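So this block is model.tsv, TSV, C-alpha atoms:
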```tsv
chain	number	residue	atom	x	y	z
N	1	MET	CA	1.72	-18.04	16.04
N	2	THR	CA	2.92	-14.45	15.62
N	3	ILE	CA	0.80	-12.43	13.18
N	4	ALA	CA	1.36	-9.31	11.08
N	5	PHE	CA	-1.51	-7.71	9.19
N	6	THR	CA	-0.55	-6.25	5.80
N	7	PHE	CA	-2.61	-3.88	3.66
N	8	PRO	CA	-2.47	-3.71	-0.16
N	9	GLY	CA	-1.59	-0.75	-2.36
N	10	GLN	CA	-2.55	0.56	-5.77
N	11	GLY	CA	-2.91	-2.07	-8.47
N	12	SER	CA	-5.01	-4.41	-6.30
N	13	GLN	CA	-8.27	-2.60	-7.10
N	14	GLY	CA	-11.01	-4.12	-9.27
N	15	VAL	CA	-14.66	-3.41	-10.02
N	16	GLY	CA	-16.84	-5.24	-7.48
N	17	MET	CA	-14.30	-4.87	-4.66
N	18	GLY	CA	-15.94	-4.99	-1.24
N	19	LYS	CA	-19.45	-5.68	-2.54
N	20	ALA	CA	-19.74	-9.17	-0.99
N	21	LEU	CA	-18.64	-7.76	2.37
N	22	ALA	CA	-21.16	-4.90	2.22
N	23	ASP	CA	-23.97	-7.30	1.30
N	24	ALA	CA	-23.08	-9.78	4.06
N	25	PHE	CA	-22.14	-7.50	6.97
N	26	PRO	CA	-23.73	-4.24	8.16
N	27	GLU	CA	-20.40	-3.28	9.79
N	28	ALA	CA	-18.76	-3.35	6.35
N	29	LYS	CA	-21.58	-1.38	4.72
N	30	ALA	CA	-21.19	1.28	7.43
N	31	VAL	CA	-17.52	1.77	6.48
N	32	PHE	CA	-18.35	2.31	2.79
N	33	ASP	CA	-21.10	4.77	3.80
N	34	GLU	CA	-18.62	6.61	6.05
N	35	VAL	CA	-16.05	6.92	3.24
N	36	ASP	CA	-18.74	8.12	0.80
N	37	GLU	CA	-19.80	10.78	3.29
N	38	ALA	CA	-16.22	11.88	4.06
N	39	LEU	CA	-15.46	12.36	0.37
N	40	GLY	CA	-18.86	13.80	-0.60
N	41	GLN	CA	-19.01	11.22	-3.37
N	42	LYS	CA	-20.63	7.81	-3.89
N	43	LEU	CA	-17.25	6.13	-4.24
N	44	SER	CA	-18.93	2.83	-3.34
N	45	ASP	CA	-20.93	3.02	-6.60
N	46	VAL	CA	-17.69	3.39	-8.58
N	47	MET	CA	-16.17	0.47	-6.64
N	48	TRP	CA	-19.09	-1.84	-7.24
N	49	THR	CA	-20.24	-0.94	-10.75
N	50	GLY	CA	-17.29	0.88	-12.33
N	51	PRO	CA	-16.39	1.92	-14.91
N	52	GLU	CA	-12.93	0.47	-14.32
N	53	GLU	CA	-11.10	3.50	-15.74
N	54	THR	CA	-12.84	5.72	-13.15
N	55	LEU	CA	-11.99	3.34	-10.29
N	56	THR	CA	-8.36	3.15	-11.46
N	57	LEU	CA	-7.89	6.92	-11.20
N	58	THR	CA	-5.37	7.43	-8.40
N	59	ALA	CA	-7.69	9.75	-6.47
N	60	ASN	CA	-10.39	7.02	-6.42
N	61	ALA	CA	-8.30	3.86	-6.16
N	62	GLN	CA	-6.44	4.99	-3.03
N	63	PRO	CA	-9.45	5.65	-0.73
N	64	ALA	CA	-11.32	2.70	-2.30
N	65	LEU	CA	-8.60	0.22	-1.36
N	66	MET	CA	-8.47	1.65	2.16
N	67	ALA	CA	-12.25	1.34	2.45
N	68	VAL	CA	-12.21	-2.39	1.65
N	69	SER	CA	-9.38	-3.03	4.09
N	70	LEU	CA	-11.16	-1.17	6.89
N	71	ALA	CA	-14.52	-2.78	6.09
N	72	THR	CA	-12.78	-6.14	6.49
N	73	MET	CA	-11.25	-5.00	9.78
N	74	ARG	CA	-14.60	-3.87	11.17
N	75	VAL	CA	-16.15	-7.25	10.37
N	76	LEU	CA	-13.23	-9.04	12.03
N	77	GLU	CA	-13.62	-6.84	15.10
N	78	ALA	CA	-17.36	-7.52	15.22
N	79	ARG	CA	-16.50	-11.22	15.18
N	80	GLY	CA	-14.28	-10.79	18.23
N	81	LEU	CA	-10.86	-9.82	16.85
N	82	ASP	CA	-8.80	-7.75	19.30
N	83	LEU	CA	-6.03	-6.30	17.12
N	84	ALA	CA	-3.66	-5.50	19.97
N	85	GLY	CA	-4.26	-8.90	21.55
N	86	SER	CA	-3.87	-10.99	18.37
N	87	VAL	CA	-1.59	-9.07	16.01
N	88	SER	CA	2.01	-8.00	16.67
N	89	PHE	CA	2.61	-5.58	13.78
N	90	VAL	CA	0.86	-3.86	10.87
N	91	ALA	CA	2.37	-2.78	7.55
N	92	GLY	CA	0.94	-1.40	4.33
N	93	HIS	CA	2.28	-1.15	0.79
N	94	SER	CA	2.43	2.55	-0.18
N	95	LEU	CA	-1.17	3.83	0.29
N	96	GLY	CA	-1.75	0.67	2.35
N	97	GLU	CA	0.24	2.36	5.12
N	98	TYR	CA	-2.80	4.61	5.67
N	99	SER	CA	-5.04	1.52	5.85
N	100	ALA	CA	-2.66	-0.04	8.36
N	101	LEU	CA	-2.73	3.09	10.51
N	102	ALA	CA	-6.52	3.29	10.39
N	103	ALA	CA	-6.76	-0.40	11.30
N	104	ALA	CA	-4.50	0.23	14.30
N	105	GLY	CA	-6.53	3.24	15.47
N	106	SER	CA	-3.90	5.84	14.54
N	107	LEU	CA	-6.23	7.50	11.99
N	108	ASP	CA	-10.01	7.43	11.90
N	109	ILE	CA	-11.60	6.21	8.68
N	110	ALA	CA	-12.91	9.60	7.51
N	111	THR	CA	-9.49	11.21	8.06
N	112	ALA	CA	-7.73	8.39	6.17
N	113	ALA	CA	-10.18	8.74	3.26
N	114	LYS	CA	-9.68	12.50	3.03
N	115	LEU	CA	-5.89	12.22	3.29
N	116	LEU	CA	-5.84	9.59	0.53
N	117	ARG	CA	-7.99	11.77	-1.71
N	118	VAL	CA	-5.49	14.64	-1.21
N	119	ARG	CA	-2.60	12.21	-1.76
N	120	GLY	CA	-4.09	10.78	-4.94
N	121	ASP	CA	-4.83	14.20	-6.41
N	122	ALA	CA	-1.43	15.56	-5.40
N	123	MET	CA	0.48	12.61	-6.87
N	124	GLN	CA	-1.51	12.87	-10.10
N	125	ASP	CA	-0.91	16.61	-10.37
N	126	ALA	CA	2.81	16.56	-9.49
N	127	VAL	CA	3.96	15.62	-13.01
N	128	PRO	CA	2.20	16.57	-16.28
N	129	ALA	CA	0.60	13.58	-18.02
N	130	GLY	CA	3.01	11.75	-20.30
N	131	GLN	CA	6.20	13.14	-18.74
N	132	GLY	CA	6.73	10.44	-16.11
N	133	ALA	CA	6.70	6.64	-16.11
N	134	MET	CA	7.40	3.52	-14.08
N	135	ALA	CA	8.81	0.14	-15.11
N	136	ALA	CA	9.14	-3.26	-13.46
N	137	LEU	CA	12.59	-4.84	-13.62
N	138	LEU	CA	12.23	-8.57	-12.98
N	139	GLY	CA	15.12	-10.89	-12.24
N	140	LEU	CA	17.53	-8.24	-10.93
N	141	GLU	CA	18.37	-7.83	-7.28
N	142	PHE	CA	17.77	-4.44	-5.72
N	143	ASP	CA	21.39	-3.22	-5.78
N	144	VAL	CA	21.70	-3.99	-9.49
N	145	ALA	CA	18.31	-2.37	-10.25
N	146	ALA	CA	19.42	0.76	-8.37
N	147	GLU	CA	22.61	0.85	-10.48
N	148	VAL	CA	20.49	0.50	-13.63
N	149	ALA	CA	18.31	3.44	-12.55
N	150	GLU	CA	21.37	5.57	-11.83
N	151	ALA	CA	22.91	4.74	-15.23
N	152	ALA	CA	19.63	5.50	-16.99
N	153	ALA	CA	19.09	8.91	-15.36
N	154	GLN	CA	21.58	10.86	-17.53
N	155	GLY	CA	20.60	14.18	-15.96
N	156	GLU	CA	16.94	13.24	-15.56
N	157	VAL	CA	15.21	11.44	-12.68
N	158	CYS	CA	15.23	7.64	-12.53
N	159	GLN	CA	15.09	5.98	-9.12
N	160	ALA	CA	14.28	2.63	-7.53
N	161	ALA	CA	10.72	3.22	-6.30
N	162	ASN	CA	9.54	-0.16	-5.02
N	163	ASP	CA	11.70	-2.98	-3.66
N	164	ASN	CA	8.84	-5.45	-3.70
N	165	ALA	CA	10.44	-8.90	-3.50
N	166	PRO	CA	13.66	-10.64	-4.53
N	167	GLY	CA	14.13	-9.92	-8.23
N	168	GLN	CA	11.11	-7.58	-8.40
N	169	VAL	CA	12.02	-3.90	-8.39
N	170	VAL	CA	10.07	-0.97	-9.85
N	171	VAL	CA	11.85	2.14	-11.12
N	172	SER	CA	10.24	5.56	-11.51
N	173	GLY	CA	11.09	8.90	-13.09
N	174	HIS	CA	11.08	10.83	-16.35
N	175	LEU	CA	9.65	8.85	-19.28
N	176	ALA	CA	12.81	8.80	-21.39
N	177	ALA	CA	14.98	7.84	-18.39
N	178	VAL	CA	12.68	4.97	-17.44
N	179	GLU	CA	12.66	3.77	-21.06
N	180	ARG	CA	16.49	3.78	-20.95
N	181	ALA	CA	16.36	1.81	-17.70
N	182	VAL	CA	14.30	-0.91	-19.42
N	183	GLU	CA	16.96	-1.31	-22.13
N	184	ILE	CA	19.88	-1.20	-19.68
N	185	ALA	CA	18.14	-3.75	-17.43
N	186	LYS	CA	17.73	-6.16	-20.35
N	187	ALA	CA	21.43	-5.77	-21.14
N	188	ARG	CA	22.24	-6.45	-17.46
N	189	GLY	CA	20.36	-9.77	-17.62
N	190	ALA	CA	16.87	-8.88	-16.38
N	191	ARG	CA	14.42	-11.70	-17.01
N	192	ARG	CA	11.83	-9.08	-18.03
N	193	ALA	CA	11.74	-5.30	-18.02
N	194	VAL	CA	8.38	-3.76	-18.80
N	195	MET	CA	6.78	-0.32	-18.68
N	196	LEU	CA	3.84	-0.19	-16.25
N	197	PRO	CA	0.39	1.24	-17.05
N	198	VAL	CA	0.47	3.92	-14.35
N	199	SER	CA	-0.67	7.52	-14.50
N	200	ALA	CA	2.30	9.11	-12.72
N	201	PRO	CA	5.88	8.33	-11.56
N	202	PHE	CA	5.24	7.47	-7.92
N	203	HIS	CA	7.89	7.21	-5.16
N	204	CYS	CA	10.61	9.29	-6.78
N	205	SER	CA	11.85	12.87	-6.39
N	206	LEU	CA	9.43	14.10	-9.10
N	207	MET	CA	6.73	13.66	-6.44
N	208	GLY	CA	8.23	16.54	-4.42
N	209	PRO	CA	5.20	18.83	-4.95
N	210	ALA	CA	2.92	16.02	-3.73
N	211	ALA	CA	5.08	15.54	-0.63
N	212	ASP	CA	4.71	19.25	0.15
N	213	LYS	CA	0.92	19.00	-0.12
N	214	MET	CA	0.87	15.91	2.09
N	215	ALA	CA	3.04	17.66	4.69
N	216	GLU	CA	0.42	20.40	4.86
N	217	ALA	CA	-2.52	17.95	5.02
N	218	LEU	CA	-0.85	15.70	7.61
N	219	ALA	CA	0.11	18.69	9.80
N	220	ASN	CA	-3.61	19.34	10.30
N	221	ALA	CA	-4.65	15.69	10.73
N	222	GLU	CA	-5.17	14.04	14.10
N	223	ILE	CA	-2.75	11.11	14.36
N	224	ARG	CA	-2.59	8.92	17.45
N	225	SER	CA	-0.08	6.25	18.43
N	226	PRO	CA	-1.17	2.95	16.83
N	227	ALA	CA	-2.40	0.06	18.98
N	228	VAL	CA	0.42	-2.07	17.50
N	229	PRO	CA	3.66	-0.90	15.85
N	230	LEU	CA	3.64	0.08	12.17
N	231	VAL	CA	6.57	-1.18	10.07
N	232	ALA	CA	7.12	1.93	7.96
N	233	ASN	CA	7.75	1.75	4.20
N	234	VAL	CA	10.69	4.15	4.20
N	235	LEU	CA	12.45	2.57	7.22
N	236	ALA	CA	11.59	-1.15	7.07
N	237	ARG	CA	11.39	-1.05	10.86
N	238	PRO	CA	8.59	-0.39	13.38
N	239	ILE	CA	7.48	3.00	14.65
N	240	THR	CA	4.78	4.04	17.13
N	241	ASP	CA	5.31	7.78	17.75
N	242	ALA	CA	2.54	9.87	16.16
N	243	ASN	CA	4.89	12.68	15.10
N	244	GLU	CA	7.32	10.26	13.49
N	245	ILE	CA	4.43	8.60	11.67
N	246	ARG	CA	3.46	12.00	10.26
N	247	ASP	CA	7.03	12.62	9.05
N	248	ARG	CA	7.43	9.17	7.51
N	249	LEU	CA	4.14	9.48	5.61
N	250	VAL	CA	5.50	12.64	4.00
N	251	GLN	CA	8.85	10.98	3.17
N	252	GLN	CA	6.99	8.00	1.72
N	253	VAL	CA	5.63	10.08	-1.20
N	254	THR	CA	9.10	10.48	-2.72
N	255	GLY	CA	10.87	7.59	-0.95
N	256	THR	CA	11.42	3.95	-1.87
N	257	VAL	CA	8.81	1.45	-0.67
N	258	ARG	CA	11.13	-0.99	1.13
N	259	TRP	CA	8.68	-3.87	1.15
N	260	ARG	CA	11.16	-6.76	0.79
N	261	GLU	CA	13.16	-5.42	3.73
N	262	SER	CA	9.98	-4.80	5.77
N	263	ILE	CA	8.76	-8.39	5.38
N	264	THR	CA	12.29	-9.68	6.04
N	265	TRP	CA	12.47	-7.63	9.25
N	266	LEU	CA	9.10	-8.99	10.38
N	267	ALA	CA	10.09	-12.60	9.66
N	268	ASP	CA	13.44	-12.11	11.40
N	269	ASN	CA	11.58	-10.77	14.43
N	270	GLY	CA	9.29	-13.73	14.90
N	271	VAL	CA	6.35	-13.15	12.55
N	272	ASP	CA	5.35	-16.47	11.03
N	273	THR	CA	1.87	-15.58	9.72
N	274	PHE	CA	1.14	-12.71	7.32
N	275	VAL	CA	-2.52	-11.79	6.79
N	276	GLU	CA	-3.33	-9.53	3.82
N	277	VAL	CA	-6.42	-7.53	4.75
N	278	GLY	CA	-8.41	-6.11	1.85
N	279	THR	CA	-8.54	-6.55	-1.92
N	280	GLY	CA	-6.49	-9.10	-3.85
N	281	LYS	CA	-3.55	-11.36	-3.04
N	282	VAL	CA	-0.58	-9.36	-4.34
N	283	LEU	CA	1.15	-9.04	-0.96
N	284	THR	CA	0.52	-12.69	-0.10
N	285	GLY	CA	2.37	-13.64	-3.29
N	286	MET	CA	5.28	-11.41	-2.30
N	287	VAL	CA	5.47	-12.97	1.18
N	288	LYS	CA	5.93	-16.40	-0.42
N	289	ARG	CA	8.98	-15.07	-2.24
N	290	ILE	CA	10.47	-13.12	0.67
N	291	ALA	CA	9.76	-15.21	3.79
N	292	LYS	CA	9.53	-18.75	2.46
N	293	GLU	CA	9.02	-20.34	5.89
N	294	ALA	CA	6.09	-18.07	6.77
N	295	THR	CA	2.37	-18.65	6.17
N	296	GLY	CA	0.54	-16.10	4.05
N	297	MET	CA	-3.22	-15.71	3.73
N	298	ALA	CA	-5.46	-13.12	2.10
N	299	VAL	CA	-8.70	-12.07	3.80
N	300	ASN	CA	-11.19	-10.36	1.51
N	301	SER	CA	-14.38	-12.45	1.50
N	302	PRO	CA	-16.87	-13.67	4.12
N	303	GLU	CA	-15.33	-17.16	3.85
N	304	ASP	CA	-11.82	-15.79	4.41
N	305	ILE	CA	-13.02	-13.99	7.54
N	306	ASP	CA	-14.40	-17.25	8.96
N	307	ALA	CA	-11.12	-19.04	8.20
N	308	LEU	CA	-8.99	-16.35	9.89
N	309	MET	CA	-11.14	-16.18	13.03
N	310	GLU	CA	-10.98	-19.96	13.31
N	311	LYS	CA	-7.18	-19.83	12.97
N	312	ILE	CA	-6.81	-17.10	15.59
N	313	SER	CA	-9.21	-18.61	18.11
N	314	GLY	CA	-7.82	-22.10	17.53
```

Now that the file is in, can you turn its structure into structure tokens?
Amino acid sequence: MTIAFTFPGQGSQGVGMGKALADAFPEAKAVFDEVDEALGQKLSDVMWTGPEETLTLTANAQPALMAVSLATMRVLEARGLDLAGSVSFVAGHSLGEYSALAAAGSLDIATAAKLLRVRGDAMQDAVPAGQGAMAALLGLEFDVAAEVAEAAAQGEVCQAANDNAPGQVVVSGHLAAVERAVEIAKARGARRAVMLPVSAPFHCSLMGPAADKMAEALANAEIRSPAVPLVANVLARPITDANEIRDRLVQQVTGTVRWRESITWLADNGVDTFVEVGTGKVLTGMVKRIAKEATGMAVNSPEDIDALMEKISG
């Protein structure tokens, strides 16, 4: 069994996330306390009691999702998990890349929380509200979706932002351009093309100001080589050098999340078990569509932790 740990991105959050872990395991509670302290905010209260619209704010959702992933990791480690001894690779979807790096010891939890707060604020501030948008194009392969985005741009920005799974591509850019992309995609035979309820156009060139802010924040952050290789979003291949990690995290703000290619690379290089660490099961669903022969499992409850440790030790 060759294992990769994956870490979810924005959209997986929900009120109540991580509460069962905090109640059951002191190691998990300590992570939420550490994130609260790093941010100078009781983010755990927002996570556990809402309101949902406050949790969904990019600046809150990003460190909150990381906190649940790392709380899960700390519990697994307390139960005997040795990441380097049991797991061959880590990968994270968009902000999940920070969770993956923290899990692999490249970032400490407080640093990851602070970087994600900067990232969330910077991404939100990069484009005035109402000027940008994202849309999911379902049923088109990536090359076709990229052509649709290019045709829709018409002097504005419209780019393929997320290559999530076969026939599941997200485009991002100026509102009018993304609306054109939806209509062009339908004409090109998309099964569905829908605008997404997001607060900013992530992973496109409009995020340039956010990338500049992240370059500044990451330049001052301590980043170590991870205990296991990180399969980077913008490359869909593994990296371990701390300076390259810094550069790729900056590129990731404006670059395409190459998730389909990342999972394909992992499967082609021997990974047969994908474990989604944190909130939700979005990535596990994608694995089923990308690497059909592989096993996918989500670990985000005390019961899931027992099941994974049994699988690894067995």

Within 12 Å of (7.3, 4.6, -2.5) (file coordinates; all atoms listed in the file), which protein or nucleic acid residues are there? I'd like them as a PyMOL selection string. chain N and resi 9-10+92-97+123+134+159-164+169-172+201-207+211+232-236+248-259

Pick from N:Val299, N:Leu107, N:Ala78, N:Val144, whichever lies nearest to Ile245 of chain N using all atoms listed in the file: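 The shortest atom-to-atom distance to Ile245 of chain N comes from N:Leu107.
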
Grab the atom CA of Phe32 of chain N to atom CA of Gly16 of chain N distance for me, in Å with one decimal place.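 Rounded to one decimal, the two atoms are 12.8 Å apart.
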
Which residue of N:Thr240, N:Thr295, N:Ala267, N:Asp272 approaches Ser106 of chain N most closely, using only C-alpha atoms: N:Thr240

Skipping near chain neighbours, those fewer than 2 positions away, what residues fall within 10 Å of Ser69 of chain N using only C-alpha atoms, listed as a PyMOL selection string? chain N and resi 6-8+18+28+31+63-67+71-74+96+99-100+102-103+276-279+299-300

Go through N:Asp45, N:Asp82, N:Glu150, N:Asp212 one by one, measure the shortest atom-to-atom distance of each to Ala122 of chain N using all atoms listed in the file, and give the residue with the smallest value.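 For Ala122 of chain N, the nearest of the candidates is N:Asp212.
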
Taking (12.9, -4.5, 11.4) as a centre in this file's frame and 6 Å as the limit, can you find every polymer residue with an atom that close, using all atoms listed in the file, and give them as a list in words?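 The answer, in the requested form, is Ala236, Arg237, Trp265 and Leu266 of chain N.
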
What does the distance from atom CA of Lys19 of chain N to atom CA of Ala298 of chain N come to in Å, to one decimal? 16.5 Å

Option closest in space to Ala215 of chain N, from N:Arg246, N:Glu141, N:Val157, N:Tyr98 [counting only C-alpha atoms]: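 Smallest separation from Ala215 of chain N among the options: N:Arg246.
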